[in-house]
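Asks: File follows, coords.cif with mmCIF, C-alpha atoms:
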```
data_coords
#
loop_
_atom_site.label_atom_id
_atom_site.label_comp_id
_atom_site.auth_asym_id
_atom_site.auth_seq_id
_atom_site.Cartn_x
_atom_site.Cartn_y
_atom_site.Cartn_z
CA MET H 1 -21.65 6.93 -51.16
CA GLY H 2 -19.16 4.97 -49.10
CA CYS H 3 -19.77 3.58 -45.61
CA LEU H 4 -17.45 4.72 -42.79
CA ASP H 5 -15.48 1.70 -41.53
CA THR H 6 -14.25 2.28 -37.97
CA ARG H 7 -11.78 -0.58 -38.35
CA SER H 8 -9.60 1.75 -40.42
CA PHE H 9 -9.17 4.13 -37.50
CA PRO H 10 -6.36 3.74 -34.98
CA ASP H 11 -8.71 3.96 -31.99
CA SER H 12 -11.27 1.41 -33.16
CA GLU H 13 -10.84 -0.17 -29.71
CA TYR H 14 -12.55 2.95 -28.35
CA ALA H 15 -15.49 2.79 -30.81
CA GLU H 16 -18.84 3.59 -29.19
CA SER H 17 -22.45 3.04 -30.18
CA HIS H 18 -23.07 6.71 -31.00
CA ASP H 19 -20.13 7.02 -33.43
CA HIS H 20 -22.57 6.68 -36.38
CA ARG H 21 -25.28 8.98 -35.00
CA ILE H 22 -25.90 12.27 -36.84
CA LEU H 23 -28.18 15.13 -35.86
CA ILE H 24 -29.49 17.23 -38.79
CA VAL H 25 -30.69 20.74 -37.86
CA ASP H 26 -32.54 23.01 -40.35
CA ASP H 27 -35.71 25.04 -40.33
CA GLU H 28 -36.46 23.94 -43.92
CA GLU H 29 -38.28 20.63 -43.70
CA SER H 30 -37.37 19.67 -47.28
CA VAL H 31 -33.65 20.05 -46.57
CA VAL H 32 -33.89 18.08 -43.32
CA ASN H 33 -35.80 15.26 -45.01
CA LEU H 34 -33.38 15.15 -47.98
CA PHE H 35 -30.26 14.99 -45.81
CA ALA H 36 -31.82 12.46 -43.41
CA ALA H 37 -32.96 10.17 -46.22
CA TYR H 38 -29.60 10.28 -47.97
CA LEU H 39 -27.34 9.94 -44.93
CA GLY H 40 -29.75 7.50 -43.26
CA GLU H 41 -28.61 4.75 -45.64
CA THR H 42 -25.28 4.66 -43.75
CA TYR H 43 -25.82 6.48 -40.48
CA SER H 44 -28.43 6.71 -37.74
CA CYS H 45 -30.01 10.13 -38.22
CA GLU H 46 -32.13 12.39 -35.99
CA THR H 47 -33.58 15.76 -37.03
CA ALA H 48 -34.36 19.07 -35.34
CA ALA H 49 -36.15 22.15 -36.70
CA ASN H 50 -34.06 24.70 -34.75
CA ALA H 51 -31.01 25.12 -32.48
CA GLN H 52 -32.98 24.94 -29.22
CA GLU H 53 -34.54 21.62 -30.20
CA ALA H 54 -31.09 20.37 -31.20
CA LEU H 55 -29.62 21.30 -27.81
CA GLU H 56 -32.42 19.44 -26.06
CA LEU H 57 -31.66 16.31 -28.10
CA LEU H 58 -27.92 16.64 -27.37
CA ALA H 59 -28.64 16.90 -23.65
CA ARG H 60 -30.57 13.62 -23.73
CA GLU H 61 -28.23 11.48 -25.87
CA PRO H 62 -24.81 11.74 -27.55
CA PHE H 63 -24.23 12.36 -31.26
CA ALA H 64 -21.03 11.99 -33.25
CA LEU H 65 -21.89 14.80 -35.69
CA VAL H 66 -24.27 17.73 -36.08
CA VAL H 67 -25.08 19.04 -39.58
CA THR H 68 -26.68 22.44 -39.07
CA ASP H 69 -28.02 25.37 -41.08
CA MET H 70 -26.57 28.81 -40.42
CA GLN H 71 -29.68 30.96 -40.32
CA MET H 72 -32.62 29.67 -38.26
CA PRO H 73 -35.30 31.18 -36.03
CA GLY H 74 -33.99 31.79 -32.52
CA LEU H 75 -30.37 30.74 -32.00
CA SER H 76 -28.22 30.84 -35.12
CA GLY H 77 -26.08 28.01 -36.40
CA VAL H 78 -22.94 29.77 -35.13
CA GLU H 79 -24.41 30.06 -31.62
CA LEU H 80 -25.34 26.38 -31.76
CA LEU H 81 -21.77 25.65 -32.84
CA ARG H 82 -20.41 27.58 -29.85
CA ARG H 83 -22.66 25.69 -27.42
CA ILE H 84 -21.60 22.33 -28.87
CA THR H 85 -17.86 23.08 -28.79
CA GLU H 86 -18.22 24.26 -25.19
CA HIS H 87 -20.40 21.48 -23.78
CA TYR H 88 -20.09 18.52 -26.21
CA LYS H 89 -16.42 18.36 -27.19
CA ASP H 90 -16.78 14.88 -28.71
CA THR H 91 -19.38 16.09 -31.22
CA ALA H 92 -18.23 17.39 -34.61
CA VAL H 93 -20.18 20.12 -36.47
CA ILE H 94 -20.65 20.83 -40.18
CA ILE H 95 -22.23 24.16 -41.17
CA VAL H 96 -24.46 24.16 -44.29
CA SER H 97 -25.41 27.69 -45.34
CA GLY H 98 -26.69 29.71 -48.28
CA ILE H 99 -24.29 32.52 -47.33
CA ALA H 100 -21.00 32.24 -49.24
CA ARG H 101 -19.06 35.06 -47.62
CA THR H 102 -15.42 34.27 -46.84
CA GLN H 103 -15.52 35.97 -43.44
CA ARG H 104 -18.55 33.91 -42.41
CA VAL H 105 -16.70 30.71 -43.38
CA MET H 106 -13.56 31.76 -41.44
CA ASP H 107 -15.60 32.64 -38.36
CA ALA H 108 -17.30 29.24 -38.36
CA ILE H 109 -14.02 27.35 -38.78
CA ARG H 110 -12.39 29.48 -36.07
CA VAL H 111 -15.18 28.65 -33.61
CA GLY H 112 -14.71 24.93 -34.28
CA ALA H 113 -16.67 23.78 -37.33
CA SER H 114 -15.22 20.79 -39.17
CA ASP H 115 -16.46 22.09 -42.54
CA TYR H 116 -18.56 24.80 -44.18
CA LEU H 117 -20.75 23.78 -47.15
CA ILE H 118 -22.71 26.09 -49.45
CA LYS H 119 -26.38 25.44 -50.36
CA PRO H 120 -27.55 23.94 -52.54
CA CYS H 121 -25.21 21.23 -51.35
CA ASP H 122 -24.23 18.34 -53.60
CA LEU H 123 -25.04 15.13 -51.70
CA ASP H 124 -21.78 13.42 -52.70
CA VAL H 125 -19.88 16.43 -51.35
CA LEU H 126 -21.94 16.19 -48.15
CA THR H 127 -21.01 12.51 -47.83
CA ILE H 128 -17.30 13.25 -48.22
CA SER H 129 -17.55 16.09 -45.68
CA VAL H 130 -19.34 13.84 -43.17
CA GLU H 131 -16.74 11.08 -43.58
CA ARG H 132 -13.88 13.53 -43.10
CA ALA H 133 -15.53 15.14 -40.07
CA LEU H 134 -16.10 11.77 -38.40
CA GLU H 135 -12.59 10.62 -39.23
CA ARG H 136 -11.12 13.86 -37.84
CA ARG H 137 -13.26 13.46 -34.73
CA MET H 138 -12.02 9.89 -34.31
CA LEU H 139 -8.38 10.94 -34.73
CA LEU H 140 -8.72 13.81 -32.24
CA ARG H 141 -10.35 11.52 -29.72
CA THR H 142 -7.62 8.93 -30.26
CA ALA H 143 -4.91 11.56 -29.74
CA ARG H 144 -6.62 12.78 -26.58
CA ARG H 145 -6.91 9.26 -25.19
CA TYR H 146 -3.36 8.41 -26.14
CA LYS H 147 -2.28 11.56 -24.33
CA GLN H 148 -4.28 10.54 -21.26
CA ASP H 149 -2.77 7.05 -21.38
CA LEU H 150 0.70 8.54 -21.70
CA GLU H 151 0.13 10.89 -18.78
CA HIS H 152 -1.22 7.99 -16.73
CA ARG H 153 1.80 5.84 -17.57
CA ASN H 154 4.18 8.70 -16.82
CA ALA H 155 2.49 9.18 -13.46
CA GLU H 156 2.74 5.44 -12.81
CA LEU H 157 6.43 5.46 -13.74
CA ALA H 158 7.00 8.42 -11.43
CA ARG H 159 5.21 6.57 -8.62
CA GLN H 160 7.26 3.44 -9.28
CA LYS H 161 10.42 5.54 -9.25
CA ARG H 162 9.43 7.04 -5.88
CA ASP H 163 8.65 3.56 -4.57
CA MET H 164 11.99 2.29 -5.86
CA VAL H 165 13.88 5.16 -4.25
CA GLY H 166 11.98 4.55 -1.02
CA LEU H 167 12.70 0.83 -1.19
CA GLN H 168 16.39 1.45 -1.82
CA ALA H 169 16.50 3.83 1.12
CA GLN H 170 14.77 1.26 3.31
CA VAL H 171 17.24 -1.41 2.24
CA LEU H 172 20.15 0.91 3.01
CA GLN H 173 18.62 1.80 6.37
CA ALA H 174 17.98 -1.87 7.12
CA GLU H 175 21.59 -2.70 6.21
CA LYS H 176 22.72 0.16 8.43
CA MET H 177 20.64 -1.18 11.32
CA ALA H 178 21.97 -4.68 10.68
CA SER H 179 25.53 -3.32 10.73
CA LEU H 180 24.83 -1.46 13.96
CA GLY H 181 23.32 -4.63 15.38
CA GLN H 182 26.42 -6.58 14.41
CA LEU H 183 28.60 -3.86 15.94
CA ALA H 184 26.53 -3.90 19.13
CA ALA H 185 26.73 -7.67 19.32
CA GLY H 186 30.48 -7.56 18.68
CA VAL H 187 31.04 -4.92 21.36
CA ALA H 188 28.84 -6.85 23.77
CA HIS H 189 30.78 -10.06 23.06
CA GLU H 190 34.15 -8.34 23.54
CA LEU H 191 33.02 -6.66 26.77
CA ASN H 192 31.28 -9.69 28.18
CA ASN H 193 34.36 -11.58 29.40
CA PRO H 194 36.37 -8.66 30.88
CA ALA H 195 33.17 -7.26 32.44
CA GLY H 196 32.60 -10.70 33.97
CA PHE H 197 36.15 -10.73 35.33
CA ILE H 198 35.72 -7.29 36.89
CA TYR H 199 32.31 -8.10 38.35
CA SER H 200 33.35 -11.42 39.90
CA ASN H 201 36.77 -10.16 41.09
CA ILE H 202 35.28 -7.13 42.81
CA ASP H 203 33.03 -9.50 44.72
CA LEU H 204 36.07 -11.53 45.76
CA LEU H 205 38.08 -8.40 46.48
CA LYS H 206 35.40 -7.16 48.85
CA GLY H 207 35.63 -10.39 50.84
CA TYR H 208 39.42 -10.29 50.89
CA ILE H 209 39.52 -6.69 52.11
CA GLU H 210 37.05 -7.49 54.87
CA ARG H 211 39.38 -10.29 56.04
CA LEU H 212 42.41 -7.96 55.83
CA GLU H 213 40.57 -5.38 57.91
CA ILE H 214 39.94 -8.04 60.55
CA CYS H 215 43.66 -8.82 60.63
CA LEU H 216 44.67 -5.15 60.81
CA SER H 217 42.15 -4.39 63.55
CA SER H 218 43.57 -7.35 65.50
CA TYR H 219 47.09 -5.89 65.19
CA ASP H 220 45.80 -2.58 66.46
CA LYS H 221 44.66 -4.28 69.66
CA LEU H 222 48.12 -5.60 70.42
CA VAL H 223 50.23 -3.84 73.14
CA LEU H 224 53.55 -2.89 71.56
CA PRO H 225 56.61 -1.12 72.86
CA ALA H 226 56.33 2.65 72.84
CA GLU H 227 58.93 3.01 70.11
CA ALA H 228 57.12 0.54 67.80
CA THR H 229 53.74 2.17 68.56
CA ALA H 230 55.14 5.58 67.66
CA LEU H 231 56.66 4.27 64.40
CA ILE H 232 53.43 2.54 63.33
CA GLY H 233 51.44 5.66 64.21
CA ALA H 234 53.74 7.80 62.06
CA ILE H 235 53.42 5.40 59.13
CA LYS H 236 49.60 5.36 59.47
CA LYS H 237 49.46 9.15 59.56
CA GLU H 238 51.77 9.49 56.59
CA ASN H 239 49.60 7.14 54.47
CA ASP H 240 46.24 8.45 55.75
CA TYR H 241 45.45 4.97 57.05
CA ASP H 242 42.26 5.83 58.96
CA ASN H 243 40.62 7.57 55.96
CA ILE H 244 41.67 4.80 53.56
CA VAL H 245 40.08 2.13 55.75
CA ALA H 246 36.93 4.24 56.11
CA ASP H 247 36.72 4.83 52.30
CA LEU H 248 37.37 1.23 51.24
CA ASP H 249 33.76 0.14 51.65
CA SER H 250 32.44 3.15 49.70
CA ILE H 251 35.00 2.67 46.89
CA LEU H 252 34.25 -1.03 46.60
CA SER H 253 30.50 -0.34 46.58
CA ASP H 254 30.91 2.20 43.75
CA CYS H 255 33.04 -0.22 41.75
CA TYR H 256 30.51 -2.98 42.33
CA VAL H 257 27.63 -0.78 41.12
CA GLY H 258 29.66 0.31 38.06
CA ALA H 259 30.49 -3.31 37.23
CA GLU H 260 26.80 -4.20 37.53
CA ARG H 261 25.92 -1.41 35.11
CA ILE H 262 28.53 -2.60 32.60
CA ARG H 263 27.14 -6.11 32.92
CA ASP H 264 23.57 -4.87 32.39
CA VAL H 265 24.54 -2.81 29.33
CA VAL H 266 26.30 -5.82 27.82
CA GLN H 267 23.29 -8.02 28.50
CA ASN H 268 20.93 -5.41 27.03
CA LEU H 269 23.08 -5.06 23.91
CA ARG H 270 23.08 -8.81 23.42
CA LEU H 271 19.34 -8.99 24.05
CA PHE H 272 18.60 -6.07 21.73
CA SER H 273 20.76 -7.26 18.81
CA ARG H 274 19.92 -10.96 19.26
CA LEU H 275 22.25 -11.82 16.38
CA ASP H 276 22.76 -15.15 18.09
CA GLU H 277 19.10 -15.83 17.20
CA ALA H 278 19.14 -15.54 13.39
CA ALA H 279 16.42 -18.16 13.09
CA VAL H 280 12.79 -17.59 13.94
CA LYS H 281 12.25 -18.12 17.66
CA ARG H 282 9.49 -17.74 20.21
CA VAL H 283 10.32 -14.61 22.17
CA ASP H 284 8.90 -12.77 25.16
CA LEU H 285 8.12 -9.32 23.72
CA ASN H 286 7.99 -7.78 27.20
CA GLU H 287 11.62 -8.76 27.66
CA GLY H 288 12.67 -7.24 24.31
CA ILE H 289 10.76 -4.01 25.00
CA GLU H 290 12.32 -3.70 28.46
CA ALA H 291 15.83 -4.22 27.04
CA THR H 292 15.12 -1.48 24.48
CA VAL H 293 13.86 0.87 27.21
CA ARG H 294 17.06 0.38 29.18
CA LEU H 295 19.16 1.19 26.12
CA LEU H 296 17.12 4.38 25.64
CA SER H 297 17.49 5.50 29.25
CA GLY H 298 19.12 8.71 28.02
CA TYR H 299 15.76 9.83 26.62
CA TYR H 300 13.89 9.18 29.87
CA LYS H 301 16.35 10.00 32.68
CA SER H 302 15.75 13.77 32.72
CA GLY H 303 12.63 13.44 34.87
CA ARG H 304 10.47 15.46 32.44
CA ILE H 305 8.99 12.29 30.95
CA SER H 306 7.10 9.80 33.07
CA LEU H 307 7.54 6.31 31.60
CA VAL H 308 4.71 3.95 32.53
CA ARG H 309 5.09 0.22 31.89
CA ASP H 310 1.81 -1.65 31.70
CA TYR H 311 3.00 -5.12 30.71
CA GLY H 312 0.32 -7.77 30.49
CA GLU H 313 0.66 -11.53 30.55
CA ILE H 314 1.32 -12.37 26.92
CA PRO H 315 2.44 -15.59 25.21
CA GLN H 316 5.78 -15.83 23.48
CA VAL H 317 5.57 -14.72 19.84
CA ASN H 318 7.05 -16.41 16.78
CA CYS H 319 9.32 -13.67 15.38
CA TYR H 320 12.70 -12.25 14.50
CA ALA H 321 13.36 -10.51 17.81
CA ALA H 322 16.09 -8.16 16.56
CA GLN H 323 13.78 -6.78 13.87
CA LEU H 324 10.93 -6.19 16.32
CA ASN H 325 13.36 -4.52 18.73
CA GLN H 326 14.01 -1.97 15.95
CA VAL H 327 10.26 -1.29 15.90
CA TRP H 328 10.12 -0.73 19.68
CA MET H 329 13.17 1.55 19.47
CA ASN H 330 11.62 3.69 16.70
CA LEU H 331 8.30 4.03 18.54
CA LEU H 332 9.90 4.83 21.90
CA VAL H 333 12.34 7.37 20.42
CA ASN H 334 9.49 9.10 18.54
CA ALA H 335 7.38 9.20 21.71
CA ALA H 336 10.23 10.73 23.71
CA GLN H 337 10.98 13.28 20.97
CA ALA H 338 7.30 14.27 20.87
CA LEU H 339 7.79 15.47 24.48
CA GLU H 340 11.15 17.09 23.82
CA THR H 341 10.05 20.57 24.89
CA THR H 342 7.45 19.74 27.51
CA GLU H 343 6.64 17.43 30.36
CA GLY H 344 4.41 14.44 29.75
CA GLU H 345 3.89 10.71 29.89
CA VAL H 346 4.89 7.80 27.66
CA ARG H 347 2.97 4.60 28.29
CA ILE H 348 3.83 1.10 27.06
CA THR H 349 0.99 -1.40 27.10
CA THR H 350 1.03 -5.07 26.11
CA ARG H 351 -2.00 -7.33 25.89
CA CYS H 352 -3.11 -10.54 24.17
CA GLU H 353 -6.43 -10.94 22.34
CA ASP H 354 -7.37 -14.10 20.42
CA ARG H 355 -3.80 -15.27 19.73
CA THR H 356 -2.78 -11.75 18.72
CA VAL H 357 -0.41 -9.68 20.85
CA LEU H 358 -1.07 -5.94 21.02
CA VAL H 359 1.76 -3.55 21.85
CA SER H 360 0.87 0.13 22.16
CA VAL H 361 3.18 3.08 22.74
CA SER H 362 1.37 6.31 23.59
CA ASP H 363 2.52 9.81 24.44
CA THR H 364 0.82 12.95 25.69
CA GLY H 365 2.62 15.16 23.17
CA PRO H 366 1.19 17.71 20.71
CA GLY H 367 -0.29 15.06 18.42
CA ILE H 368 -0.34 14.81 14.63
CA SER H 369 -2.65 16.57 12.16
CA ALA H 370 -5.01 14.54 9.95
CA GLU H 371 -3.07 15.56 6.83
CA GLN H 372 0.23 14.35 8.29
CA LEU H 373 -1.40 11.24 9.71
CA ASN H 374 -2.21 10.01 6.19
CA LYS H 375 1.49 10.16 5.26
CA ILE H 376 3.00 8.93 8.52
CA PHE H 377 4.24 5.60 7.10
CA ASP H 378 5.44 7.00 3.74
CA PRO H 379 9.21 6.77 3.12
CA PHE H 380 11.03 10.07 3.80
CA PHE H 381 8.01 11.73 5.43
CA THR H 382 8.92 13.35 8.73
CA THR H 383 7.48 16.06 10.97
CA LYS H 384 10.93 16.81 12.36
CA PRO H 385 13.02 19.82 11.24
CA VAL H 386 15.33 19.40 8.24
CA GLY H 387 18.43 17.44 9.20
CA GLU H 388 16.91 15.87 12.31
CA GLY H 389 15.20 12.87 10.79
CA THR H 390 15.36 10.63 7.73
CA GLY H 391 11.64 9.86 7.62
CA LEU H 392 12.41 6.15 7.36
CA GLY H 393 11.91 4.90 10.93
CA LEU H 394 8.14 4.41 10.78
CA SER H 395 8.26 3.23 7.17
CA ILE H 396 10.76 0.51 8.09
CA SER H 397 8.77 -0.36 11.23
CA HIS H 398 5.61 -0.68 9.13
CA GLY H 399 7.41 -3.03 6.74
CA ILE H 400 8.82 -5.18 9.57
CA VAL H 401 5.41 -5.54 11.23
CA GLU H 402 3.71 -6.41 7.92
CA ARG H 403 6.37 -9.01 7.12
CA HIS H 404 5.61 -10.55 10.51
CA GLY H 405 2.00 -10.96 9.39
CA GLY H 406 0.81 -8.09 11.60
CA LYS H 407 -0.26 -4.49 11.25
CA ILE H 408 0.50 -1.16 12.86
CA GLU H 409 -2.12 1.54 13.46
CA VAL H 410 -1.88 5.13 14.68
CA GLU H 411 -4.42 7.34 16.40
CA SER H 412 -3.73 11.02 16.95
CA ALA H 413 -5.12 14.51 16.81
CA PRO H 414 -3.62 17.94 17.51
CA ASP H 415 -3.19 18.54 21.27
CA SER H 416 -4.44 15.00 22.04
CA GLY H 417 -1.26 12.91 22.00
CA THR H 418 -0.48 9.92 19.80
CA VAL H 419 -0.97 6.16 20.15
CA PHE H 420 0.82 3.61 17.97
CA THR H 421 -0.56 0.08 18.26
CA VAL H 422 1.20 -2.97 16.84
CA PHE H 423 -0.79 -6.17 16.23
CA LEU H 424 1.29 -9.34 15.94
CA PRO H 425 0.01 -12.90 15.47
CA VAL H 426 1.39 -15.28 18.05
CA ASP H 427 1.91 -18.09 15.51
CA ALA H 428 3.02 -16.26 12.35
CA ASP H 429 4.43 -18.45 9.54
CA LEU H 430 7.59 -16.39 9.11
CA ASP H 431 9.27 -18.92 6.83
CA LEU H 432 6.94 -17.56 4.12
CA THR H 433 6.62 -13.92 5.13
CA VAL H 434 10.07 -12.93 6.37
CA SER H 435 13.46 -13.69 4.95
CA SER H 436 16.39 -14.00 7.31
#
```
For the structure just supplied, provide its representation as structure tokens.
Replies:
Amino acid sequence: MGCLDTRSFPDSEYAESHDHRILIVDDEESVVNLFAAYLGETYSCETAANAQEALELLAREPFALVVTDMQMPGLSGVELLRRITEHYKDTAVIIVSGIARTQRVMDAIRVGASDYLIKPCDLDVLTISVERALERRMLLRTARRYKQDLEHRNAELARQKRDMVGLQAQVLQAEKMASLGQLAAGVAHELNNPAGFIYSNIDLLKGYIERLEICLSSYDKLVLPAEATALIGAIKKENDYDNIVADLDSILSDCYVGAERIRDVVQNLRLFSRLDEAAVKRVDLNEGIEATVRLLSGYYKSGRISLVRDYGEIPQVNCYAAQLNQVWMNLLVNAAQALETTEGEVRITTRCEDRTVLVSVSDTGPGISAEQLNKIFDPFFTTKPVGEGTGLGLSISHGIVERHGGKIEVESAPDSGTVFTVFLPVDADLDLTVSS
């Protein structure tokens, strides 16, 4: 009788302590003792006098194989076989019976028996049957575990593919934002000088016109011949002189205000893009947030949304300002869009706690469900209708904040509004965490 060597099996790495344990079930004590004595030279054997006793043993400890009689008091061997295949799938079963009917053999094999032996059973035949049953069990278990490993690896590959697609999308979005930043900086640079000319010249022009008005009013006080007075009066009437003089102040004031707005937009574009600050710098976050708010005035000028600024005294933060400005823009746009169909409030709060700056953007909108909240920072996830959002804004913001050594948290519930809070260390070592 040969000994089963688990090293010959492909899943020997999965070998367990019960792989050599056999349960022998028979109501004939002589048969049980014979099988146990013979197989016990190679395997660890337990015995049971009936199916119920066998099931109790199986419930307490695992067995690799059950060798059972067909006809026993109480549950039959076939019923025991059914229970084992249903509840103990890692346990093989060999039926040993004095009934040699073909249909009985086919029924047992169909239910799940590894083999069907006829009594009196030759012990060498029993040994071969046991070895084959254990080997088949080992191979089936190996196949099942290989399948599980394959499914796990396929799932991991699918996850990595999703992560790669998300990363590529984030890179493309980041490049797009960088291009827009470069465009904004270029436009701001090109507008800066002519806007400066207009702004300064209007100021001069206002002074010059005031001096011209003084001269003209002095001429009006002169006493001229009647013919000259009539001619000048006709010329003034033809050119609407009185209305022009009255409108000059209003026109100049409008031009001055327009020039101021152009100047402010240019300054905000330069401040928002900050491409002139490619290196890490200490920056006043309140200033960057305020510049972003001014650029987003279109979202807040309708009067439906009340924008509350609660800026605290915070230290300058070591950061890439242009990247953080993207974060403020995403949060403020999302807050405004949350109130797109209703009136409400958006509040910006900045504070400093233990060398960490906290920036929170809250809205009184409809809130976010718990299920959506768990996915809020996933690439491509969006609560907006199809075609109205890429689902990358918060994902990119999350990445920017993490690369700055910080974190971003969200609190929300349906009908309770939403609060995004960004935590940023004042003295982050960005040479290690963020690439320029």
Asks: List as an mmCIF file with C-alpha atoms, keeping the file's coordinate frame: which residues have an atom within 9 Å of (-3.2, 16.5, 23.2), counting all atoms listed in the file?
Replies:
```cif
data_model
loop_
_atom_site.group_PDB
_atom_site.id
_atom_site.type_symbol
_atom_site.label_atom_id
_atom_site.label_comp_id
_atom_site.auth_asym_id
_atom_site.auth_seq_id
_atom_site.Cartn_x
_atom_site.Cartn_y
_atom_site.Cartn_z
ATOM 1 C CA ASP H 363 2.520 9.810 24.440
ATOM 2 C CA THR H 364 0.820 12.950 25.690
ATOM 3 C CA GLY H 365 2.620 15.160 23.170
ATOM 4 C CA PRO H 366 1.190 17.710 20.710
ATOM 5 C CA GLY H 367 -0.290 15.060 18.420
ATOM 6 C CA SER H 412 -3.730 11.020 16.950
ATOM 7 C CA ALA H 413 -5.120 14.510 16.810
ATOM 8 C CA PRO H 414 -3.620 17.940 17.510
ATOM 9 C CA ASP H 415 -3.190 18.540 21.270
ATOM 10 C CA SER H 416 -4.440 15.000 22.040
ATOM 11 C CA GLY H 417 -1.260 12.910 22.000
ATOM 12 C CA THR H 418 -0.480 9.920 19.800
#
```
Asks: If we count all atoms listed in the file and set the cut-off at 12 Å, which residues sit around H:Ala113, ignoring sequence neighbours fewer than 5 positions away in its own chain? Please answer as a PyMOL selection string.
Replies: chain H and resi 65-68+70+77-85+89+91-96+104-108+129-130+133+136-137
Asks: Would you mind telling me which residue in H:Ala336, H:Asp427, H:Trp328, H:Val359 lies nearest to H:Lys407 when using all atoms listed in the file?
Replies: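 Smallest distance to H:Lys407 is found for H:Val359.
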Asks: Could you check which of H:Asp27, H:Val308, H:Arg141, H:Glu86 is closest to H:Ala64, using only C-alpha atoms?
Replies: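 Closest to H:Ala64, using only C-alpha atoms: H:Arg141.
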Asks: Atom CA of H:Glu409 to atom CA of H:Thr421: how many Å, to one decimal?
Replies: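 Between these atoms lies a distance of 5.3 Å.
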Asks: If the PyMOL selection byres ((chain H and resi 252) around 12) were run on this exact file, what residues would it hold? Put them as a list of chain:residue names.
Replies: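 Written out, the selection comes to H:Ile198, H:Tyr199, H:Asn201, H:Ile202, H:Asp203, H:Leu204, H:Leu205, H:Lys206, H:Gly207, H:Tyr208, H:Ile209, H:Glu210, H:Ile244, H:Val245, H:Ala246, H:Asp247, H:Leu248, H:Asp249, H:Ser250, H:Ile251, H:Ser253, H:Asp254, H:Cys255, H:Tyr256, H:Val257, H:Gly258, H:Ala259.
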Asks: Mind giving me the straight-line distance from atom CA of H:Thr42 to atom CA of H:Gln71 in Å, one decimal?
Replies: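 So the two atoms, atom CA of H:Thr42 and atom CA of H:Gln71, lie 26.9 Å apart.
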Asks: May I ask which of the residues H:Ser302, H:Ser217, H:Asn325, H:Ser76 is the closest one to H:Ala51, counting all atoms listed in the file?
Replies: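 For H:Ala51, the nearest of the candidates is H:Ser76.
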Asks: So, counting only C-alpha atoms, which residue among H:His18, H:Ile289, H:Asp124, H:Asp26 is closest to H:Gln326?
Replies: H:Ile289
Asks: Using all atoms listed in the file for the distances, tell me which of H:Glu29, H:Ala59, H:Asp122, H:His20 is nearest to H:Tyr43.
Replies: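 Between H:Glu29, H:Ala59, H:Asp122, H:His20, the residue approaching H:Tyr43 most closely is H:His20.
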Asks: Which residues, named as in the file, does the PyMOL selection byres ((chain H and resi 371) around 12) pick out? Answer as number ranges by chain.
Replies: H: 367-370, 372-376, 381, 383, 412-414
Asks: Work out how far atom CA of H:Leu222 is from atom CA of H:Asn243, in Å to one decimal.
Replies: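 So the answer is 20.9 Å.
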Asks: Contacts of H:Glu313 at 8 Å or less, counting only C-alpha atoms, minus same-chain residues fewer than 5 places along, as a ChimeraX atom specification?
Replies: /H:350-352
Asks: Edge lengths and centre, in Å to one decimal, as JSON: that's what I need for the box along x, y and z that holds all listed atoms of stretch 72-75 of chain H plus 8 Å on each side.
Replies:
```
{"center_x": -32.8, "center_y": 30.7, "center_z": -35.1, "size_x": 20.9, "size_y": 18.1, "size_z": 22.3}
```
Asks: If the PyMOL selection byres ((chain H and resi 410) around 6) were run on this exact file, what residues would it hold? Put them as a PyMOL selection string.
Replies: chain H and resi 409+411+419-420
Asks: Closest to H:Tyr88 among H:Val327, H:Leu224, H:Leu57, H:Met72, using only C-alpha atoms?
Replies: H:Leu57
Asks: Which neighbours of H:Leu285 fall inside 10 Å, counting only C-alpha atoms, when residues of the same chain fewer than 6 positions from it are skipped, and could you give them as JSON, numbers by chain?
Replies: {"H": [291, 311, 314, 315, 316, 317, 318, 319, 321, 324, 325, 328, 350, 357, 359]}
